[in-house]
Amino acid sequence: MEQPYLAVESVSKRFGSVQALDRVSLSCRRGELVAVLGPSGCGKTTLLRIVAGFEIPDLGSVRLGGIPATHLPPEKRGVGLVFQNYALFPHMTVGENIAYGLRFVKGLKRGDIAARVESLLELVDLPGYASRRPDQLSAGQQQRVAIARALAPEPRLLLLDEPLSALDVSLREQLRLHIRRIQRELNLTAVYVTHDQEEAMSVADRIAVMRDGRIEQFGTPEEVYEQPRTAFVASFFGRTALVPVRLAAPDTEFMTGRPGPDALAVLRAESVRPFGPGVPLRGRLEELEFLGHAVRLQLRGEFGTVWATAPRTEVDAWRRRRGEMVTVYFRPEETPTVPAGSHREE
Ligand SMILES: Nc1ncnc2c1ncn2[C@@H]1O[C@H](COP(=O)(O)OP(=O)(O)O)[C@@H](O)[C@H]1O
Ligand SMILES: [Mg+2]
């Protein structure tokens, strides 16, 4: 198998009493986009700063293109950076901002720079914007300029730290597709930090799910969604209930309830339905939400809270049943489980 371009090996980093990273390993192949996903404070930025060379790990190593890079200064690493707050220089034009990204590239003539700036502006769909000032651009346009600036010196690795979190939802959804398109077009190797699970699934080839300075699972979006290995990873994606179950014959029969559950069934709202076949769960209909494409039901029973999905056409019928006892069903064959002990306590 091809050697990864980026290899982070068992990296730890402590700030005072905070163990920001605890033996984190991560790899990224050439042309691959890896998302680092986790809640605020879990160590994502610290990991990215170590890859960029702004922090030195206490333990562990970083390799770039097979070469030891743990102690290499940032400007020698060939990395491009995009942050949440685009941080363009306000007194410079768009073109000057992008050209600033070329300051370490030697031997470029004025004409080369102008041509390179214009081709980068085309890449980010802002042709002809070179003489504008940042304050004449929308937030989304400014972030596209920041991406062009990061790409200007042709980095071998692009690092993005929550690049879209300052933007509103519809812009975020457009821009993540745009970033993905550019990344594919240029065959860029990229690490993309986000706390948004949908964004991670949308853009990434593989996702590293982080919690409290550790990576709990590293796999394709389908793997982390369909085969979560821990309760934390399972509950990080979508509207999900974890219901204690006893597994009867190997993985074939689920028996809900006590005593002594040996697993937690991962029940995503979209795969629990108010009709059979499947394992029944009976509870009180506490809430319902009309989502446009469907109706989401929230039930409470002795198993805890579970969400189910009903057809959109049934919304009136379900509204009338609010507060009643209802039965919903899940199908064992489409229900992942995680070990009952995988709720890691701190
Ligand atoms: N320079 C620093 N000094 C002290 N604590 C820090 C420093 N950088 C990060 N931390 C702490 O390390 C933990 C991880 O932070 P960070 O990597 O920024 O997380 P994330 O980007 O996932 O929100 C947090 O508890 C944070 O407060
Ligand atoms: Mg951060």
# chains A, B, ... in the order shown; residues from 1 in each chain; ligands from 1
>>> closest_atom_pairs(of="chain A", to="ligand 1", cutoff="12 Å", atoms="only C-alpha atoms and all ligand atoms", output="tab-separated table")
residue	atom	partner	partner_atom_place_in_ligand_line	distance
A:Ser12	CA	ligand 1	12 (O)	11.3
A:Lys13	CA	ligand 1	12 (O)	8.5
A:Arg14	CA	ligand 1	12 (O)	7.5
A:Phe15	CA	ligand 1	4 (C)	4.6
A:Gly16	CA	ligand 1	4 (C)	6.6
A:Ser17	CA	ligand 1	5 (N)	8.4
A:Val18	CA	ligand 1	25 (O)	5.9
A:Gln19	CA	ligand 1	12 (O)	6.8
A:Ala20	CA	ligand 1	12 (O)	4.2
A:Leu21	CA	ligand 1	14 (C)	7.4
A:Asp22	CA	ligand 1	14 (C)	10.7
A:Val36	CA	ligand 1	22 (O)	9.0
A:Leu37	CA	ligand 1	22 (O)	8.3
A:Gly38	CA	ligand 1	22 (O)	6.4
A:Pro39	CA	ligand 1	22 (O)	6.1
A:Ser40	CA	ligand 1	23 (O)	3.7
A:Gly41	CA	ligand 1	23 (O)	3.4
A:Cys42	CA	ligand 1	22 (O)	4.0
A:Gly43	CA	ligand 1	17 (O)	3.2
A:Lys44	CA	ligand 1	22 (O)	3.8
A:Thr45	CA	ligand 1	21 (O)	3.6
A:Thr46	CA	ligand 1	17 (O)	3.7
A:Leu47	CA	ligand 1	17 (O)	6.4
A:Leu48	CA	ligand 1	17 (O)	8.0
A:Arg49	CA	ligand 1	17 (O)	8.3
A:Ile50	CA	ligand 1	17 (O)	9.9
A:Phe54	CA	ligand 1	1 (N)	10.4
A:Glu55	CA	ligand 1	1 (N)	8.9
A:Ile56	CA	ligand 1	1 (N)	11.5
A:Phe83	CA	ligand 1	21 (O)	11.2
A:Gln84	CA	ligand 1	21 (O)	11.0
A:Leu160	CA	ligand 1	21 (O)	11.5
A:Asp161	CA	ligand 1	21 (O)	8.0
A:Glu162	CA	ligand 1	21 (O)	8.7
A:Tyr192	CA	ligand 1	21 (O)	11.6
A:Val193	CA	ligand 1	21 (O)	8.1
A:Thr194	CA	ligand 1	22 (O)	8.4
A:His195	CA	ligand 1	22 (O)	7.8
A:Asp196	CA	ligand 1	22 (O)	11.6
A:Val209	CA	ligand 1	22 (O)	10.8
A:Met210	CA	ligand 1	22 (O)	8.2
A:Arg211	CA	ligand 1	22 (O)	8.5
A:Asp212	CA	ligand 1	14 (C)	7.9
A:Gly213	CA	ligand 1	14 (C)	7.1
A:Arg214	CA	ligand 1	22 (O)	10.6
A:Ile215	CA	ligand 1	22 (O)	11.5
>>> residues_around(residues="Glu287 of chain A", least_positions_apart="4", cutoff="7 Å", atoms="only C-alpha atoms", output="list in words")
Leu297, Gln298 and Arg322 of chain A
>>> residues_around(residues="Pro336 of chain A", least_positions_apart="2", cutoff="9 Å", atoms="only C-alpha atoms", output="PyMOL selection string")
chain A and resi 226-228+234+264-267+332-334+338
>>> atom_distance(atom1="atom CA of Phe218 of chain A", atom2="atom CA of Ala7 of chain A")
13.5 Å
>>> select_by_dssp(residues="segment 192-317 of chain A", states="strand (DSSP E)", output="MDAnalysis selection string")
chainID A and resid 192:194 206:211 214:219 240:247 254:256 263:268 272:273 279:290 294:301 304:311
